[in-house]
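J.: The structure follows.
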Amino acid sequence: MKSLYWFTQDLRLTDNPAFSQVIEASDEIHCIVIQHQADENKMGACKRAFLQQSIDSLSQTLAQQGITLQHLPLATMGNTHSPAVAMAQAINQYCQLHDIDALHVSAQAGSYERDALGAVKVVVTEHFNQTLWAEHELPFALNELPPTFSKARKFWEQSDRPMNLLHSDALKQSHDATLRALASMAEPVPNAQFSGGEQAGLEHLASYFQGGSASFYKQTRNALDGWTQSTKFSPWLALGCISPRQVMVALRQYENEKGANDSTYWIFFELLWREYFFWYARRHRDKLFVKNGLNGEPAYQAKDDPIALKRWQQGQTDFPLVNACMKQLNQTGYMSNRGRQLVASCLVNELQLDWRLGAEYFEQQLIDYDVASNWGNWQYLGGVGADPRGLRRFDQDKQQRQYDPYGEFIKRWQGYVN
Ligand SMILES: Cc1cc2nc3c(=O)[nH]c(=O)nc-3n(C[C@H](O)[C@H](O)[C@H](O)COP(=O)(O)OP(=O)(O)OC[C@H]3O[C@@H](n4cnc5c(N)ncnc54)[C@H](O)[C@@H]3O)c2cc1C
């Protein structure tokens with residue numbers, strides 16, 4: 001059996017039971033990443049660098065096992081070819097050239113990738129290795145995904161699976177490997193910056209839980225700035241340099257050693273949001289990207305105002321806090337969750353632009369860009385997603401008084417426009 005493993009949002013070997021199983025079951029394994037030239041040209045520099053570091057790191061780890069990671073470039077193929085068609089063609093050509101029997105890939109949330117998989121001519125197996133649960137383990141059928149996060153969360157909280165990360169032999173091995181990897185980083189240096197790759201992700205995971213920040217997470221998570229105020233796991237999770245199960249292993253270990261409280265629970269709670277949006281994207285497919293979302297009608301009349309959009313992107317609006325957040329995003333590729341909510345609310349409610357323009361800009365800039373979390377959160381704030389309350393407007397002045405009372409964040413990121 002000749003297998004092709006397509007690495008996507010699972011750029012790691014620890015806790016990747018799917019990859020281990022494919023190696024065992026195959027006489028020959030080929031590994032690829034697909035790099036989409038047109039997308040990369042549009043990417044912000046921070047995002048491009050983080051992605052490249054993560055791919056390079058995977059490439060080196062595979063090389064230690066004697067496996068070469070092949071890069072399949074995806075050239076823009078003109079208007080007649082959608083990215084899905086181009087991806088499928090690239091994979092089919094590779095399979096034909098190398099006599100491949102089967103393709104293995106992490107289960108995809110994006111519709112281009114899913115359409116591409118539908119057009120691949122060899123047997124395709126999708127593996128659920130970027131979520132806490134596989135589809136057959138969900139406490140509801142996917143087409144009965146609860147319409148709101150709160151309802152889904154209740155099902156999940158009653159399930160024992162996140163508490164029991166050891167429900168199969170493959171997971172037991174992965175669990176032990178994660179604990180060994182974390183223990184081997186006995187005193188990782190907390191370097192307070194994002195550097196891509198599995199090793200850097202595991203180091204950050206170990207470092208975060210070696211400090212005491214997890215015990216105060218609920219009180220600090222809304223801060224606009226500060227390395228330990230929230231976990232900063234998102235960039236590594238988005239590319240799969242670490243997995244949510246590994247976060248749970250480290251979190252449970254922390255709780256056993258230092259005690260569980262509301263804050264440690266809240267880290268799990270936030271991972272459930274990530275989980276929810278993944279299944280939401282799988283369930284609703286193309287509806288994730290349409291203006292009216294799930295509602296069938298717009299929550300507001302969007303204006304066509306390219307100048308306002310440009311000013312929002314560059315941090316040149318009438319709202320200093322929004323400007324500071326956007327400048328932080330442009331310079332670092334990261335923005336706090338509170339910041340994301342504020343700038344999204346500004347784009348939707350104050351500037352009345354199409355929420356998808358905001359989602360597209362985030363897609364280009366965020367180092368933690370994740371199709372499901374990004375478009376799901378934007379749709380939610382655009383009033384056409386998984387929120388029964390419709391549009392939510394944040395009072396920008398009030399938020400500034402609450403989250404930046406002394407104007408320090410605005411000053412640091414130069415939010416005042418002359
Ligand atoms: C408009 C908008 C766009 C967003 N786009 C993305 C995106 O592209 N990629 C992304 O990973 N997150 C996105 N988020 C969610 C959230 O802002 C980030 O996950 C979080 O700020 C990352 O920082 P952290 O790792 O320190 O998070 P923490 O607060 O430490 O949370 C721990 C983990 O839980 C998950 N998480 C937390 N909040 C959310 C949420 N609201 N939705 C989904 N998962 C969550 C993340 O994986 C995160 O790493 C978006 C939120 C908004 C409002």
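Each chain of the structure tokens is named A, B, ... in the order shown, its residues numbered from 1; ligands are numbered from 1 in display order.
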Please find the residues contacting ligand 1 at a distance of at most 6 Å between atoms, with only C-alpha atoms and all ligand atoms counted, and report them as a ChimeraX atom specification.
T.: /A:221,230-234,238,267,270-271,273-274,336-337,340-341,344,368-370,373-374,377-378
J.: What's the 6 Å shell around Gly240 in chain A, counting only C-alpha atoms, without same-chain residues fewer than 5 positions away, as number ranges by chain?
T.: A: 9-11
J.: Give me every alpha helix (DSSP H) residue in range 172-344 of chain A, going by DSSP on the backbone, as a PyMOL selection string.
T.: chain A and resi 172-183+198-210+217-220+234-239+244-258+262-284+306-314+320-332+337-344
J.: Select from range 271-385 of chain A every residue with an atom at most 6 Å from any atom of range 109-130 of chain A, then for each give the shortest pair of atoms and their distance in Å to one decimal, using only C-alpha atoms, rows by chain and rising number, as JSON lines.
T.:
{"residue": "A:Ala281", "atom": "CA", "partner": "A:Ala109", "partner_atom": "CA", "distance": 5.5}
{"residue": "A:Arg282", "atom": "CA", "partner": "A:Ala109", "partner_atom": "CA", "distance": 5.3}
{"residue": "A:Arg285", "atom": "CA", "partner": "A:Ser111", "partner_atom": "CA", "distance": 5.8}
J.: Let's have the selection written as an mmCIF file, in the first residue's frame, with N, CA and C atoms.
T.:
data_model
loop_
_atom_site.group_PDB
_atom_site.id
_atom_site.type_symbol
_atom_site.label_atom_id
_atom_site.label_comp_id
_atom_site.auth_asym_id
_atom_site.auth_seq_id
_atom_site.Cartn_x
_atom_site.Cartn_y
_atom_site.Cartn_z
ATOM 1 N N ALA A 281 -18.668 24.812 11.202
ATOM 2 C CA ALA A 281 -18.193 24.943 9.814
ATOM 3 C C ALA A 281 -18.436 23.656 9.039
ATOM 4 N N ARG A 282 -18.210 22.511 9.660
ATOM 5 C CA ARG A 282 -18.452 21.232 8.977
ATOM 6 C C ARG A 282 -19.943 21.090 8.661
ATOM 7 N N ARG A 285 -21.045 24.329 6.059
ATOM 8 C CA ARG A 285 -20.255 24.426 4.834
ATOM 9 C C ARG A 285 -20.250 25.851 4.267
#
J.: Select, from A:Ala183, A:Ala134, A:Leu294, A:Val33, the residue with the minimum atom-to-atom distance to Gln52 in chain A, counting only C-alpha atoms.
T.: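 Residue with the minimum atom-to-atom distance to Gln52 in chain A: A:Val33.
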J.: Between A:Asp27, A:Asp318, A:Glu408, A:Glu157, single out the one closest to Gln396 in chain A, counting only C-alpha atoms.
T.: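 With only C-alpha atoms as the atom set, the closest residue is A:Asp318.
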J.: Point out the residue among A:Asn330, A:Tyr276, A:Gln53, A:Phe319 with the least atom-to-atom distance to Phe155 in chain A, counting only C-alpha atoms.
T.: A:Tyr276
J.: If we count only C-alpha atoms and set the cut-off at 12 Å, which residues sit around Ala170 in chain A, ignoring sequence neighbours fewer than 5 positions away in its own chain? Please answer as a list in words.
T.: Thr14, Asp15, Asn16, Pro17, Ala18, Phe19, Ser20, Gln21, Asn129, Leu165, His175, Asp176 and Ala177 of chain A
J.: Give me, as CSV, the closest atom pair and its distance (Å, one decimal) for every residue of range 322-348 of chain A within a cut-off of 12 Å of range 300-312 of chain A, counting only C-alpha atoms, rows sorted by chain and rising number.
T.:
residue,atom,partner,partner_atom,distance
A:Val322,CA,A:Trp312,CA,8.0
A:Asn323,CA,A:Trp312,CA,7.3
A:Ala324,CA,A:Trp312,CA,10.6
A:Cys325,CA,A:Trp312,CA,10.2
A:Met326,CA,A:Trp312,CA,7.5
A:Lys327,CA,A:Trp312,CA,9.8
A:Leu329,CA,A:Trp312,CA,11.7
A:Asn330,CA,A:Trp312,CA,11.3
A:Leu342,CA,A:Trp312,CA,11.8
A:Val343,CA,A:Trp312,CA,8.3
A:Ala344,CA,A:Trp312,CA,9.9
A:Ser345,CA,A:Trp312,CA,11.6
A:Cys346,CA,A:Trp312,CA,8.6
A:Leu347,CA,A:Trp312,CA,7.3
A:Val348,CA,A:Ala302,CA,8.1
J.: Have a look at CA of Glu28 in chain A and CA of Ser106 in chain A and let me know their distance in Å, one decimal.
T.: 19.1 Å
J.: Using only C-alpha atoms, which of the listed residues (A:Met87, A:Ile367, A:Ala372, A:Ala214) sits closest to Val247 in chain A?
T.: A:Ala214
J.: Hey, what's within 10 Å of range 36-41 of chain A if we count only C-alpha atoms and toss same-chain stuff fewer than 4 positions away? As a ChimeraX atom specification, please?
T.: /A:45,47-48,51,72-77,83,86-87,363-364
J.: Out of A:Leu224, A:Val371, A:Leu381, A:Ala250, which residue has the shortest atom-to-atom distance to Gly339 in chain A when counting only C-alpha atoms?
T.: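 Ranked by minimum distance to Gly339 in chain A, first place goes to A:Leu224.
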J.: Near Gln70 in chain A, counting only C-alpha atoms, which residues have an atom at most 12 Å away, once you skip same-chain residues fewer than 2 positions from it, shown as a list in words?
T.: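 The contact residues come out as Leu4, Tyr5, Trp6, Phe7, Ile29, His30, Cys31, Ile32, Val33, Ile34, Gln35, Ile55, Asp56, Leu58, Ser59, Gln60, Leu62, Ala63, Ile67, Thr68, Leu72, Pro73, Ile91 and Tyr94 of chain A.
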J.: Save the residues we just selected, N, CA and C atoms, as a short mmCIF file (atom, residue, chain, number, x, y, z; two decimals), in the first residue's frame?
T.:
data_model
loop_
_atom_site.label_atom_id
_atom_site.label_comp_id
_atom_site.auth_asym_id
_atom_site.auth_seq_id
_atom_site.Cartn_x
_atom_site.Cartn_y
_atom_site.Cartn_z
N LEU A 4 -0.44 8.58 0.69
CA LEU A 4 -0.05 10.00 0.65
C LEU A 4 -0.66 10.66 1.88
N TYR A 5 0.18 11.32 2.69
CA TYR A 5 -0.34 12.05 3.85
C TYR A 5 -0.22 13.53 3.56
N TRP A 6 -1.38 14.22 3.52
CA TRP A 6 -1.41 15.66 3.24
C TRP A 6 -1.50 16.40 4.58
N PHE A 7 -0.41 17.06 4.96
CA PHE A 7 -0.42 17.83 6.20
C PHE A 7 -1.13 19.17 5.96
N ILE A 29 5.26 5.70 2.29
CA ILE A 29 4.46 6.89 2.62
C ILE A 29 5.08 8.13 1.98
N HIS A 30 4.23 8.94 1.38
CA HIS A 30 4.66 10.23 0.84
C HIS A 30 3.96 11.31 1.66
N CYS A 31 4.67 12.40 1.95
CA CYS A 31 4.06 13.48 2.73
C CYS A 31 4.12 14.78 1.94
N ILE A 32 3.01 15.49 1.94
CA ILE A 32 2.99 16.77 1.22
C ILE A 32 2.38 17.89 2.08
N VAL A 33 2.79 19.11 1.75
CA VAL A 33 2.00 20.28 2.14
C VAL A 33 1.68 21.00 0.83
N ILE A 34 0.54 21.65 0.79
CA ILE A 34 0.19 22.41 -0.42
C ILE A 34 0.31 23.89 -0.07
N GLN A 35 1.12 24.59 -0.82
CA GLN A 35 1.28 26.02 -0.56
C GLN A 35 0.64 26.80 -1.69
N ILE A 55 6.12 24.92 8.95
CA ILE A 55 6.35 23.92 7.90
C ILE A 55 7.80 23.44 7.95
N ASP A 56 8.73 24.38 8.13
CA ASP A 56 10.15 24.00 8.19
C ASP A 56 10.40 23.05 9.36
N LEU A 58 8.28 21.00 10.78
CA LEU A 58 7.74 19.67 10.46
C LEU A 58 8.68 18.94 9.50
N SER A 59 9.17 19.69 8.53
CA SER A 59 10.05 19.11 7.53
C SER A 59 11.29 18.51 8.20
N GLN A 60 11.84 19.23 9.17
CA GLN A 60 13.03 18.72 9.88
C GLN A 60 12.70 17.49 10.71
N LEU A 62 10.33 15.33 10.20
CA LEU A 62 10.12 14.19 9.29
C LEU A 62 11.44 13.68 8.75
N ALA A 63 12.34 14.62 8.43
CA ALA A 63 13.65 14.22 7.88
C ALA A 63 14.40 13.32 8.87
N ILE A 67 11.92 10.80 6.17
CA ILE A 67 10.80 11.13 5.26
C ILE A 67 10.97 12.55 4.73
N THR A 68 10.78 12.72 3.43
CA THR A 68 10.89 14.06 2.85
C THR A 68 9.50 14.69 2.75
N LEU A 72 3.94 21.10 -2.54
CA LEU A 72 3.21 21.17 -3.81
C LEU A 72 2.75 22.61 -3.99
N PRO A 73 3.39 23.37 -4.86
CA PRO A 73 2.93 24.75 -5.02
C PRO A 73 1.62 24.76 -5.81
N ILE A 91 -3.23 17.18 -6.43
CA ILE A 91 -3.17 15.89 -5.70
C ILE A 91 -3.30 14.72 -6.68
N TYR A 94 -0.11 14.18 -8.54
CA TYR A 94 0.92 13.58 -7.68
C TYR A 94 0.64 12.08 -7.50
#
J.: Would you mind reading off the distance between CA of Cys46 in chain A and CA of Tyr334 in chain A, one decimal, in Å?
T.: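 Distance between the two atoms: 8.8 Å.
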